[in-house]
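Source file: structure.pdb; contents: PDB, C-alpha atoms, pLDDT in the B column.
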```pdb
MODEL        1
ATOM      1  CA  MET A   1       5.608 -10.752   6.340  1.00 43.00           C
ATOM      2  CA  ASP A   2       7.885 -12.095   9.067  1.00 44.00           C
ATOM      3  CA  SER A   3       5.669 -12.085  12.140  1.00 42.00           C
ATOM      4  CA  THR A   4       8.633 -11.211  14.373  1.00 46.00           C
ATOM      5  CA  ILE A   5       8.922  -7.778  12.745  1.00 51.00           C
ATOM      6  CA  SER A   6       6.433  -5.173  13.916  1.00 91.00           C
ATOM      7  CA  VAL A   7       5.946  -2.516  11.269  1.00 96.00           C
ATOM      8  CA  SER A   8       4.244   0.853  11.178  1.00 97.00           C
ATOM      9  CA  VAL A   9       3.871   2.592   7.833  1.00 98.00           C
ATOM     10  CA  ILE A  10       3.709   6.366   7.563  1.00 98.00           C
ATOM     11  CA  ILE A  11       2.064   7.565   4.349  1.00 97.00           C
ATOM     12  CA  THR A  12       2.453  11.292   3.787  1.00 96.00           C
ATOM     13  CA  ALA A  13      -0.728  13.031   2.689  1.00 93.00           C
ATOM     14  CA  GLY A  14      -0.375  16.550   4.020  1.00 78.00           C
ATOM     15  CA  GLY A  15       0.768  18.376   0.882  1.00 64.00           C
ATOM     16  CA  LEU A  16      -1.238  20.983  -0.995  1.00 58.00           C
ATOM     17  CA  SER A  17      -0.445  19.670  -4.529  1.00 51.00           C
ATOM     18  CA  GLN A  18       0.284  23.217  -5.701  1.00 52.00           C
ATOM     19  CA  ARG A  19       2.103  22.102  -8.860  1.00 57.00           C
ATOM     20  CA  PHE A  20      -0.671  19.662  -9.728  1.00 53.00           C
ATOM     21  CA  GLY A  21      -3.507  22.215  -9.557  1.00 56.00           C
ATOM     22  CA  SER A  22      -5.868  20.050  -7.472  1.00 65.00           C
ATOM     23  CA  ASN A  23      -5.434  17.444  -4.764  1.00 84.00           C
ATOM     24  CA  LYS A  24      -3.586  14.729  -6.697  1.00 89.00           C
ATOM     25  CA  LEU A  25      -4.174  12.151  -3.981  1.00 94.00           C
ATOM     26  CA  LEU A  26      -7.893  12.233  -4.794  1.00 93.00           C
ATOM     27  CA  GLU A  27      -7.424  11.724  -8.527  1.00 92.00           C
ATOM     28  CA  LYS A  28      -8.743   8.408  -9.823  1.00 91.00           C
ATOM     29  CA  LEU A  29      -6.611   5.452 -10.921  1.00 90.00           C
ATOM     30  CA  GLY A  30      -9.267   3.114 -12.280  1.00 89.00           C
ATOM     31  CA  ASP A  31     -11.901   2.663  -9.576  1.00 92.00           C
ATOM     32  CA  LYS A  32      -9.714   3.920  -6.722  1.00 94.00           C
ATOM     33  CA  THR A  33      -8.087   7.216  -5.834  1.00 95.00           C
ATOM     34  CA  VAL A  34      -4.316   7.651  -5.712  1.00 95.00           C
ATOM     35  CA  VAL A  35      -4.237   7.669  -1.910  1.00 96.00           C
ATOM     36  CA  GLU A  36      -6.462   4.581  -1.608  1.00 97.00           C
ATOM     37  CA  THR A  37      -4.268   2.717  -4.094  1.00 96.00           C
ATOM     38  CA  THR A  38      -1.155   3.627  -2.112  1.00 97.00           C
ATOM     39  CA  ILE A  39      -2.616   2.566   1.229  1.00 97.00           C
ATOM     40  CA  LEU A  40      -3.785  -0.783  -0.129  1.00 97.00           C
ATOM     41  CA  LYS A  41      -0.233  -1.632  -1.217  1.00 97.00           C
ATOM     42  CA  PHE A  42       0.902  -1.611   2.439  1.00 97.00           C
ATOM     43  CA  LEU A  43      -2.013  -3.090   4.372  1.00 94.00           C
ATOM     44  CA  ASP A  44      -0.611  -6.636   4.335  1.00 93.00           C
ATOM     45  CA  TYR A  45       2.783  -5.497   5.644  1.00 95.00           C
ATOM     46  CA  ALA A  46       1.822  -3.137   8.443  1.00 95.00           C
ATOM     47  CA  GLN A  47       0.264  -3.483  11.855  1.00 94.00           C
ATOM     48  CA  GLU A  48      -0.770   0.148  11.564  1.00 95.00           C
ATOM     49  CA  ILE A  49      -0.726   2.905   8.976  1.00 97.00           C
ATOM     50  CA  VAL A  50      -0.272   6.459  10.207  1.00 97.00           C
ATOM     51  CA  ILE A  51      -1.230   9.258   7.835  1.00 97.00           C
ATOM     52  CA  PRO A  52      -0.322  12.910   8.416  1.00 97.00           C
ATOM     53  CA  ALA A  53      -3.241  14.217   6.403  1.00 94.00           C
ATOM     54  CA  THR A  54      -5.104  17.363   5.530  1.00 91.00           C
ATOM     55  CA  ASP A  55      -8.726  17.515   6.684  1.00 93.00           C
ATOM     56  CA  GLU A  56      -9.796  16.897   3.095  1.00 92.00           C
ATOM     57  CA  ILE A  57      -7.864  13.621   2.874  1.00 94.00           C
ATOM     58  CA  LYS A  58      -8.784  12.533   6.407  1.00 94.00           C
ATOM     59  CA  ASN A  59     -12.515  13.072   5.852  1.00 94.00           C
ATOM     60  CA  PHE A  60     -12.357  11.284   2.502  1.00 95.00           C
ATOM     61  CA  LEU A  61     -10.613   8.214   3.930  1.00 95.00           C
ATOM     62  CA  ILE A  62     -12.937   7.975   6.917  1.00 94.00           C
ATOM     63  CA  LYS A  63     -15.840   7.657   4.463  1.00 94.00           C
ATOM     64  CA  SER A  64     -13.999   5.387   2.019  1.00 92.00           C
ATOM     65  CA  THR A  65     -15.752   2.127   1.144  1.00 90.00           C
ATOM     66  CA  ILE A  66     -12.516   0.676  -0.250  1.00 91.00           C
ATOM     67  CA  ILE A  67     -10.189   1.117   2.733  1.00 90.00           C
ATOM     68  CA  ASP A  68     -10.639  -0.780   6.000  1.00 84.00           C
ATOM     69  CA  THR A  69      -9.797   1.968   8.484  1.00 87.00           C
ATOM     70  CA  LYS A  70      -9.154  -0.368  11.453  1.00 90.00           C
ATOM     71  CA  LYS A  71      -5.384  -0.141  10.884  1.00 92.00           C
ATOM     72  CA  ILE A  72      -5.341   3.569  10.089  1.00 96.00           C
ATOM     73  CA  LYS A  73      -4.429   6.418  12.419  1.00 96.00           C
ATOM     74  CA  PHE A  74      -4.126  10.089  11.538  1.00 97.00           C
ATOM     75  CA  ALA A  75      -1.536  12.695  12.493  1.00 97.00           C
ATOM     76  CA  LEU A  76      -1.500  16.431  12.000  1.00 95.00           C
ATOM     77  CA  PRO A  77       0.227  17.625   8.819  1.00 94.00           C
ATOM     78  CA  GLY A  78       3.174  19.924   9.383  1.00 91.00           C
ATOM     79  CA  LYS A  79       4.378  22.971   7.498  1.00 90.00           C
ATOM     80  CA  THR A  80       7.025  20.745   5.863  1.00 90.00           C
ATOM     81  CA  ARG A  81       7.238  17.060   4.976  1.00 91.00           C
ATOM     82  CA  GLN A  82       9.831  16.689   7.717  1.00 92.00           C
ATOM     83  CA  GLU A  83       7.455  18.080  10.323  1.00 92.00           C
ATOM     84  CA  SER A  84       4.599  15.903   9.056  1.00 94.00           C
ATOM     85  CA  VAL A  85       6.715  12.761   9.364  1.00 96.00           C
ATOM     86  CA  TYR A  86       7.767  13.667  12.898  1.00 95.00           C
ATOM     87  CA  ASN A  87       4.136  14.220  13.880  1.00 96.00           C
ATOM     88  CA  ALA A  88       3.343  10.768  12.508  1.00 97.00           C
ATOM     89  CA  LEU A  89       6.280   9.183  14.355  1.00 97.00           C
ATOM     90  CA  LEU A  90       4.785  10.466  17.612  1.00 96.00           C
ATOM     91  CA  VAL A  91       1.493   8.719  16.802  1.00 96.00           C
ATOM     92  CA  CYS A  92       3.121   5.345  15.999  1.00 96.00           C
ATOM     93  CA  SER A  93       2.659   2.579  18.590  1.00 94.00           C
ATOM     94  CA  ASN A  94       6.384   2.066  19.260  1.00 94.00           C
ATOM     95  CA  PRO A  95       7.005  -0.484  16.475  1.00 96.00           C
ATOM     96  CA  LYS A  96      10.347  -2.130  15.794  1.00 96.00           C
ATOM     97  CA  ASN A  97      10.505  -0.673  12.269  1.00 97.00           C
ATOM     98  CA  VAL A  98       8.788   2.050  10.319  1.00 98.00           C
ATOM     99  CA  LEU A  99       8.378   2.549   6.581  1.00 98.00           C
ATOM    100  CA  ILE A 100       7.857   6.102   5.334  1.00 98.00           C
ATOM    101  CA  HIS A 101       6.191   6.420   1.940  1.00 98.00           C
ATOM    102  CA  ASP A 102       4.861   9.208  -0.274  1.00 96.00           C
ATOM    103  CA  GLY A 103       1.094   9.122  -0.645  1.00 96.00           C
ATOM    104  CA  ALA A 104       1.595  10.108  -4.293  1.00 95.00           C
ATOM    105  CA  ARG A 105       3.609   6.959  -5.124  1.00 96.00           C
ATOM    106  CA  PRO A 106       0.799   4.461  -5.784  1.00 96.00           C
ATOM    107  CA  PHE A 107       2.826   2.199  -8.092  1.00 96.00           C
ATOM    108  CA  ILE A 108       5.078   0.684  -5.417  1.00 97.00           C
ATOM    109  CA  ASP A 109       5.186  -3.112  -5.745  1.00 97.00           C
ATOM    110  CA  SER A 110       5.126  -5.790  -3.065  1.00 97.00           C
ATOM    111  CA  GLU A 111       8.562  -7.125  -3.994  1.00 97.00           C
ATOM    112  CA  THR A 112      10.204  -3.774  -3.223  1.00 98.00           C
ATOM    113  CA  ILE A 113       8.382  -3.551   0.113  1.00 98.00           C
ATOM    114  CA  LYS A 114       9.550  -7.069   1.019  1.00 97.00           C
ATOM    115  CA  LYS A 115      13.167  -6.282   0.088  1.00 97.00           C
ATOM    116  CA  THR A 116      13.078  -3.135   2.229  1.00 98.00           C
ATOM    117  CA  LEU A 117      11.749  -5.028   5.249  1.00 97.00           C
ATOM    118  CA  LEU A 118      14.376  -7.717   4.745  1.00 97.00           C
ATOM    119  CA  GLN A 119      17.185  -5.146   4.861  1.00 97.00           C
ATOM    120  CA  LEU A 120      15.749  -3.740   8.089  1.00 96.00           C
ATOM    121  CA  LYS A 121      16.607  -7.010   9.814  1.00 95.00           C
ATOM    122  CA  THR A 122      20.267  -5.996   9.723  1.00 96.00           C
ATOM    123  CA  HIS A 123      20.304  -2.229   9.070  1.00 97.00           C
ATOM    124  CA  LYS A 124      18.776   0.818  10.756  1.00 97.00           C
ATOM    125  CA  ALA A 125      18.227   2.920   7.627  1.00 97.00           C
ATOM    126  CA  VAL A 126      17.210   1.755   4.154  1.00 98.00           C
ATOM    127  CA  VAL A 127      16.262   3.758   1.081  1.00 98.00           C
ATOM    128  CA  VAL A 128      14.612   2.547  -2.126  1.00 97.00           C
ATOM    129  CA  GLY A 129      15.584   4.020  -5.472  1.00 97.00           C
ATOM    130  CA  ILE A 130      17.077   3.427  -8.903  1.00 96.00           C
ATOM    131  CA  PHE A 131      20.492   4.008 -10.412  1.00 94.00           C
ATOM    132  CA  ALA A 132      20.655   6.768 -13.024  1.00 93.00           C
ATOM    133  CA  VAL A 133      20.662   5.737 -16.683  1.00 92.00           C
ATOM    134  CA  ASP A 134      21.006   9.220 -18.165  1.00 93.00           C
ATOM    135  CA  THR A 135      24.213  11.230 -18.235  1.00 94.00           C
ATOM    136  CA  ILE A 136      24.127  13.518 -15.186  1.00 94.00           C
ATOM    137  CA  LYS A 137      25.806  16.935 -15.231  1.00 95.00           C
ATOM    138  CA  GLU A 138      26.392  19.409 -12.434  1.00 94.00           C
ATOM    139  CA  VAL A 139      25.252  22.860 -13.557  1.00 96.00           C
ATOM    140  CA  VAL A 140      25.817  26.260 -11.944  1.00 96.00           C
ATOM    141  CA  ASN A 141      24.399  29.473 -13.467  1.00 95.00           C
ATOM    142  CA  ASN A 142      23.399  27.570 -16.626  1.00 96.00           C
ATOM    143  CA  LYS A 143      26.951  26.312 -17.152  1.00 97.00           C
ATOM    144  CA  VAL A 144      28.090  22.699 -16.931  1.00 96.00           C
ATOM    145  CA  ILE A 145      30.658  22.325 -14.153  1.00 96.00           C
ATOM    146  CA  LYS A 146      31.288  18.619 -14.560  1.00 95.00           C
ATOM    147  CA  THR A 147      29.768  15.336 -15.634  1.00 96.00           C
ATOM    148  CA  LEU A 148      29.045  12.995 -12.744  1.00 94.00           C
ATOM    149  CA  ASP A 149      29.612   9.253 -12.735  1.00 93.00           C
ATOM    150  CA  ARG A 150      26.097   7.907 -13.223  1.00 91.00           C
ATOM    151  CA  LYS A 151      27.139   4.539 -11.775  1.00 91.00           C
ATOM    152  CA  LYS A 152      27.319   6.344  -8.439  1.00 93.00           C
ATOM    153  CA  ILE A 153      24.099   8.349  -8.860  1.00 93.00           C
ATOM    154  CA  PHE A 154      21.127   6.838  -7.029  1.00 94.00           C
ATOM    155  CA  GLN A 155      17.729   8.471  -7.537  1.00 94.00           C
ATOM    156  CA  THR A 156      15.857   7.983  -4.285  1.00 95.00           C
ATOM    157  CA  GLN A 157      12.220   6.989  -4.025  1.00 96.00           C
ATOM    158  CA  THR A 158      10.107   5.696  -1.164  1.00 97.00           C
ATOM    159  CA  PRO A 159       9.505   3.719   0.946  1.00 98.00           C
ATOM    160  CA  GLN A 160      12.400   4.543   3.176  1.00 98.00           C
ATOM    161  CA  GLY A 161      12.708   2.169   6.117  1.00 98.00           C
ATOM    162  CA  PHE A 162      14.142   2.726   9.568  1.00 98.00           C
ATOM    163  CA  ASP A 163      14.515   1.306  13.012  1.00 97.00           C
ATOM    164  CA  TYR A 164      11.734   3.243  14.720  1.00 97.00           C
ATOM    165  CA  GLN A 165      13.593   4.431  17.813  1.00 96.00           C
ATOM    166  CA  PHE A 166      16.587   5.363  15.655  1.00 97.00           C
ATOM    167  CA  ILE A 167      14.703   7.625  13.210  1.00 97.00           C
ATOM    168  CA  LYS A 168      12.602   9.151  16.002  1.00 96.00           C
ATOM    169  CA  LYS A 169      15.778  10.099  17.877  1.00 95.00           C
ATOM    170  CA  ILE A 170      17.325  11.529  14.682  1.00 94.00           C
ATOM    171  CA  HIS A 171      14.272  13.758  14.180  1.00 93.00           C
ATOM    172  CA  GLU A 172      14.398  14.906  17.789  1.00 92.00           C
ATOM    173  CA  LEU A 173      18.127  15.706  17.617  1.00 89.00           C
ATOM    174  CA  TYR A 174      17.674  18.044  14.677  1.00 85.00           C
ATOM    175  CA  LYS A 175      16.728  21.556  15.797  1.00 73.00           C
ATOM    176  CA  ASN A 176      18.149  23.778  13.034  1.00 73.00           C
ATOM    177  CA  ASN A 177      16.242  25.620  10.328  1.00 71.00           C
ATOM    178  CA  GLN A 178      17.469  23.559   7.377  1.00 77.00           C
ATOM    179  CA  THR A 179      14.711  21.473   5.799  1.00 83.00           C
ATOM    180  CA  PHE A 180      15.423  18.016   4.406  1.00 88.00           C
ATOM    181  CA  THR A 181      13.334  16.644   1.542  1.00 86.00           C
ATOM    182  CA  ASP A 182      13.538  13.056   2.734  1.00 92.00           C
ATOM    183  CA  ASP A 183      14.333  11.198   5.930  1.00 94.00           C
ATOM    184  CA  SER A 184      17.459   9.466   4.665  1.00 95.00           C
ATOM    185  CA  SER A 185      19.044  12.905   4.121  1.00 94.00           C
ATOM    186  CA  LEU A 186      18.456  13.677   7.777  1.00 94.00           C
ATOM    187  CA  VAL A 187      20.147  10.401   8.748  1.00 95.00           C
ATOM    188  CA  GLU A 188      23.104  11.211   6.467  1.00 95.00           C
ATOM    189  CA  PHE A 189      23.414  14.655   8.091  1.00 93.00           C
ATOM    190  CA  PHE A 190      24.270  12.926  11.366  1.00 92.00           C
ATOM    191  CA  GLY A 191      26.851  10.713   9.685  1.00 93.00           C
ATOM    192  CA  GLU A 192      24.851   7.509   9.992  1.00 94.00           C
ATOM    193  CA  ASN A 193      24.848   4.781   7.339  1.00 96.00           C
ATOM    194  CA  VAL A 194      22.021   4.325   4.845  1.00 97.00           C
ATOM    195  CA  VAL A 195      21.852   1.211   2.657  1.00 97.00           C
ATOM    196  CA  VAL A 196      20.027   1.104  -0.669  1.00 97.00           C
ATOM    197  CA  VAL A 197      17.451  -1.226  -2.159  1.00 97.00           C
ATOM    198  CA  GLU A 198      17.045  -1.080  -5.912  1.00 96.00           C
ATOM    199  CA  GLY A 199      13.412  -0.514  -6.823  1.00 96.00           C
ATOM    200  CA  THR A 200      11.659  -0.079 -10.166  1.00 96.00           C
ATOM    201  CA  ARG A 201      11.242   2.783 -12.616  1.00 95.00           C
ATOM    202  CA  LYS A 202       7.472   2.412 -12.366  1.00 95.00           C
ATOM    203  CA  ASN A 203       7.551   3.694  -8.787  1.00 96.00           C
ATOM    204  CA  ILE A 204       7.135   7.323  -9.828  1.00 94.00           C
ATOM    205  CA  LYS A 205       5.805  10.123  -7.675  1.00 93.00           C
ATOM    206  CA  ILE A 206       2.775  11.750  -9.256  1.00 91.00           C
ATOM    207  CA  THR A 207       3.628  15.432  -9.619  1.00 84.00           C
ATOM    208  CA  THR A 208       1.810  16.593 -12.753  1.00 79.00           C
ATOM    209  CA  LYS A 209      -1.375  15.530 -14.525  1.00 76.00           C
ATOM    210  CA  GLU A 210       0.761  13.934 -17.259  1.00 74.00           C
ATOM    211  CA  ASP A 211       2.081  11.462 -14.663  1.00 76.00           C
ATOM    212  CA  LEU A 212      -1.393   9.949 -14.247  1.00 72.00           C
ATOM    213  CA  SER A 213      -1.308   8.626 -17.807  1.00 69.00           C
TER     214      SER A 213
ENDMDL
END
```
Final C-alpha cells representation of the file:
Amino acid sequence: MDSTISVSVIITAGGLSQRFGSNKLLEKLGDKTVVETTILKFLDYAQEIVIPATDEIKNFLIKSTIIDTKKIKFALPGKTRQESVYNALLVCSNPKNVLIHDGARPFIDSETIKKTLLQLKTHKAVVVGIFAVDTIKEVVNNKVIKTLDRKKIFQTQTPQGFDYQFIKKIHELYKNNQTFTDDSSLVEFFGENVVVVEGTRKNIKITTKEDLS
C-alpha cells in the first residue's frame, strides 16, 4: 500500500440475515467464519477497520483467535445499511480515504482492493463491479418494457471507495426518507461523479446457504 494514503475500511456487519435463516457472517469457510475471512482481506491495506456490528458479531470478534483486534473499532448498527455506514464514518479517525465493504463478501481479492485505492488518488468516488453478460430486460407488471444495452449495465459490488470528508459530507447533507442500498447511489443522487473499477465474478455477496458452496 502507498504509505502516503491513509485508509479506513468500514465493514458492514449489522444485518439480521433474515433471508439466510441464521447469521451468515458466522458461517464457516474452511477454518474461519465469513466475517473473519472478510476482515483478513483488508488488514494489510487499512490503518483501521471500523465495523458497525450487532452485539453477536462484536462479542464474537472480540474473542476471535484469528483476528488481531488492534486495528478494529466498532460502531453501532443502524436501522438501515445507510445509517450503519454513517455511524461508522463518525468513528473513523479522519482518514484521507475510506473503503466501504459488505461483511458478507469474503471473496474479494487483493488486486481489486489495490485498483480501488489507486483510483482514489485521482477520484473522490469509486465503485467496484462487473459488466453484465446476460441479456437484461426492464419489466413492469410481469411485462417486458424494453431490453437494455448490457454493455452499459454495471452490476455493483463492494468495496466502494471515497474521499473520507467527501462521503461524510454527502451523508450529512441527505435528510430525506429515501433509503439508498449503497453509498455510490447516494453520491449519484447529488450529481457527483462515480468512476468504476472492474472486479471479478467471484466477489459475490453471500445471501443464501447455496452461496456458501
**OP:** To one decimal in Å, tell me the separation between CA of Leu89 (chain A) and CA of Lys168 (chain A).
**Re:** 6.5 Å
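CA of Gln155 (chain A) is found 25.8 Å from CA of Leu43 (chain A).
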Mind dumping a table of every region 107-143 of chain A residue within 12 Å of region 157-167 of chain A, with the nearest atom pair and its distance in Å to one decimal, using all atoms listed in the file, sorted by chain and rising number, as JSON lines?
```
{"residue": "A:Phe107", "atom": "CA", "partner": "A:Thr158", "partner_atom": "CA", "distance": 10.6}
{"residue": "A:Ile108", "atom": "CA", "partner": "A:Thr158", "partner_atom": "CA", "distance": 8.3}
{"residue": "A:Asp109", "atom": "CA", "partner": "A:Pro159", "partner_atom": "CA", "distance": 10.5}
{"residue": "A:Ser110", "atom": "CA", "partner": "A:Pro159", "partner_atom": "CA", "distance": 11.2}
{"residue": "A:Glu111", "atom": "CA", "partner": "A:Pro159", "partner_atom": "CA", "distance": 12.0}
{"residue": "A:Thr112", "atom": "CA", "partner": "A:Pro159", "partner_atom": "CA", "distance": 8.6}
{"residue": "A:Ile113", "atom": "CA", "partner": "A:Pro159", "partner_atom": "CA", "distance": 7.4}
{"residue": "A:Lys114", "atom": "CA", "partner": "A:Pro159", "partner_atom": "CA", "distance": 10.8}
{"residue": "A:Lys115", "atom": "CA", "partner": "A:Gly161", "partner_atom": "CA", "distance": 10.4}
{"residue": "A:Thr116", "atom": "CA", "partner": "A:Gly161", "partner_atom": "CA", "distance": 6.6}
{"residue": "A:Leu117", "atom": "CA", "partner": "A:Gly161", "partner_atom": "CA", "distance": 7.3}
{"residue": "A:Leu118", "atom": "CA", "partner": "A:Gly161", "partner_atom": "CA", "distance": 10.1}
{"residue": "A:Gln119", "atom": "CA", "partner": "A:Gly161", "partner_atom": "CA", "distance": 8.7}
{"residue": "A:Leu120", "atom": "CA", "partner": "A:Phe162", "partner_atom": "CA", "distance": 6.8}
{"residue": "A:Lys121", "atom": "CA", "partner": "A:Asp163", "partner_atom": "CA", "distance": 9.2}
{"residue": "A:Thr122", "atom": "CA", "partner": "A:Asp163", "partner_atom": "CA", "distance": 9.9}
{"residue": "A:His123", "atom": "CA", "partner": "A:Asp163", "partner_atom": "CA", "distance": 7.8}
{"residue": "A:Lys124", "atom": "CA", "partner": "A:Asp163", "partner_atom": "CA", "distance": 4.8}
{"residue": "A:Ala125", "atom": "CA", "partner": "A:Phe162", "partner_atom": "CA", "distance": 4.5}
{"residue": "A:Val126", "atom": "CA", "partner": "A:Gly161", "partner_atom": "CA", "distance": 4.9}
{"residue": "A:Val127", "atom": "CA", "partner": "A:Gln160", "partner_atom": "CA", "distance": 4.5}
{"residue": "A:Val128", "atom": "CA", "partner": "A:Gln157", "partner_atom": "CA", "distance": 5.4}
{"residue": "A:Gly129", "atom": "CA", "partner": "A:Gln157", "partner_atom": "CA", "distance": 4.7}
{"residue": "A:Ile130", "atom": "CA", "partner": "A:Gln157", "partner_atom": "CA", "distance": 7.8}
{"residue": "A:Phe131", "atom": "CA", "partner": "A:Gln157", "partner_atom": "CA", "distance": 10.9}
```
**OP:** Evaluate the PyMOL selection byres ((chain A and resi 39) around 9) on the structure here and hand back the selected residues as a PyMOL selection string.
**Re:** chain A and resi 11+34-38+40-43+49+67+103+106
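Residue nearest Asn94 (chain A) within the list A:Ile204, A:Leu76, A:Val9, A:Val196: A:Val9 [criterion: smallest interatomic distance, all atoms listed in the file].
Between CA of Leu99 (chain A) and CA of Ser6 (chain A) lies a distance of 10.8 Å.
Residue nearest Ile62 (chain A), chosen from A:Glu83, A:Asn176, A:Ile153, A:Phe74 and counting only C-alpha atoms: A:Phe74.
Comparing A:Arg81, A:Lys71, A:Lys32, A:Lys151 by their smallest distance to Gly14 (chain A), the closest is A:Arg81 (using all atoms listed in the file).
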Subject >> 10 Å contact set for Phe190 (chain A), only C-alpha atoms, chain neighbours under 4 positions out, as a PyMOL selection string >> reply: chain A and resi 170+173-174+185-186
Please define a box with edges along x, y and z of the file around all atoms of region 196-206 of chain A given in the file, extend it by 6 Å on each side, and return its centre and edge lengths in Å to one decimal, as AutoDock Vina command-line options.
```
--center_x 11.4 --center_y 5.3 --center_z -6.6 --size_x 29.3 --size_y 25.0 --size_z 23.9
```
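Minimum atom-to-atom distance to Leu25 (chain A), evaluated using all atoms listed in the file, belongs to A:Lys209 out of A:Val187, A:Pro95, A:Lys209, A:Asn177.
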Missing atoms in region 136-151 of chain A: fill them in up to N, CA and C atoms and send the result as a PDB file, keeping the file's coordinate frame.
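Written file, part.pdb:
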```pdb
ATOM      1  N   ILE A 136      24.465  12.503 -16.182  1.00 94.00           N
ATOM      2  CA  ILE A 136      24.127  13.518 -15.186  1.00 94.00           C
ATOM      3  C   ILE A 136      25.225  14.568 -15.140  1.00 94.00           C
ATOM      4  N   LYS A 137      24.837  15.835 -15.263  1.00 95.00           N
ATOM      5  CA  LYS A 137      25.806  16.935 -15.231  1.00 95.00           C
ATOM      6  C   LYS A 137      25.487  17.890 -14.085  1.00 95.00           C
ATOM      7  N   GLU A 138      26.546  18.377 -13.448  1.00 94.00           N
ATOM      8  CA  GLU A 138      26.392  19.409 -12.434  1.00 94.00           C
ATOM      9  C   GLU A 138      26.429  20.766 -13.131  1.00 94.00           C
ATOM     10  N   VAL A 139      25.403  21.581 -12.866  1.00 96.00           N
ATOM     11  CA  VAL A 139      25.252  22.860 -13.557  1.00 96.00           C
ATOM     12  C   VAL A 139      25.146  23.992 -12.541  1.00 96.00           C
ATOM     13  N   VAL A 140      25.893  25.059 -12.762  1.00 96.00           N
ATOM     14  CA  VAL A 140      25.817  26.260 -11.944  1.00 96.00           C
ATOM     15  C   VAL A 140      25.682  27.459 -12.873  1.00 96.00           C
ATOM     16  N   ASN A 141      24.645  28.289 -12.629  1.00 95.00           N
ATOM     17  CA  ASN A 141      24.399  29.473 -13.467  1.00 95.00           C
ATOM     18  C   ASN A 141      24.330  29.116 -14.960  1.00 95.00           C
ATOM     19  N   ASN A 142      23.622  28.029 -15.250  1.00 96.00           N
ATOM     20  CA  ASN A 142      23.399  27.570 -16.626  1.00 96.00           C
ATOM     21  C   ASN A 142      24.664  27.101 -17.335  1.00 96.00           C
ATOM     22  N   LYS A 143      25.720  26.832 -16.570  1.00 97.00           N
ATOM     23  CA  LYS A 143      26.951  26.312 -17.152  1.00 97.00           C
ATOM     24  C   LYS A 143      27.286  24.956 -16.542  1.00 97.00           C
ATOM     25  N   VAL A 144      27.707  24.021 -17.399  1.00 96.00           N
ATOM     26  CA  VAL A 144      28.090  22.699 -16.931  1.00 96.00           C
ATOM     27  C   VAL A 144      29.424  22.793 -16.194  1.00 96.00           C
ATOM     28  N   ILE A 145      29.437  22.336 -14.957  1.00 96.00           N
ATOM     29  CA  ILE A 145      30.658  22.325 -14.153  1.00 96.00           C
ATOM     30  C   ILE A 145      31.416  21.018 -14.361  1.00 96.00           C
ATOM     31  N   LYS A 146      30.667  19.914 -14.317  1.00 95.00           N
ATOM     32  CA  LYS A 146      31.288  18.619 -14.560  1.00 95.00           C
ATOM     33  C   LYS A 146      30.212  17.572 -14.815  1.00 95.00           C
ATOM     34  N   THR A 147      30.643  16.475 -15.420  1.00 96.00           N
ATOM     35  CA  THR A 147      29.768  15.336 -15.634  1.00 96.00           C
ATOM     36  C   THR A 147      30.018  14.326 -14.523  1.00 96.00           C
ATOM     37  N   LEU A 148      28.936  13.903 -13.876  1.00 94.00           N
ATOM     38  CA  LEU A 148      29.045  12.995 -12.744  1.00 94.00           C
ATOM     39  C   LEU A 148      29.021  11.541 -13.217  1.00 94.00           C
ATOM     40  N   ASP A 149      29.587  10.678 -12.427  1.00 93.00           N
ATOM     41  CA  ASP A 149      29.612   9.253 -12.735  1.00 93.00           C
ATOM     42  C   ASP A 149      28.242   8.668 -12.426  1.00 93.00           C
ATOM     43  N   ARG A 150      27.467   8.351 -13.456  1.00 91.00           N
ATOM     44  CA  ARG A 150      26.097   7.907 -13.223  1.00 91.00           C
ATOM     45  C   ARG A 150      26.024   6.563 -12.502  1.00 91.00           C
ATOM     46  N   LYS A 151      27.117   5.802 -12.509  1.00 91.00           N
ATOM     47  CA  LYS A 151      27.139   4.539 -11.775  1.00 91.00           C
ATOM     48  C   LYS A 151      27.056   4.769 -10.269  1.00 91.00           C
TER      49      LYS A 151
END
```
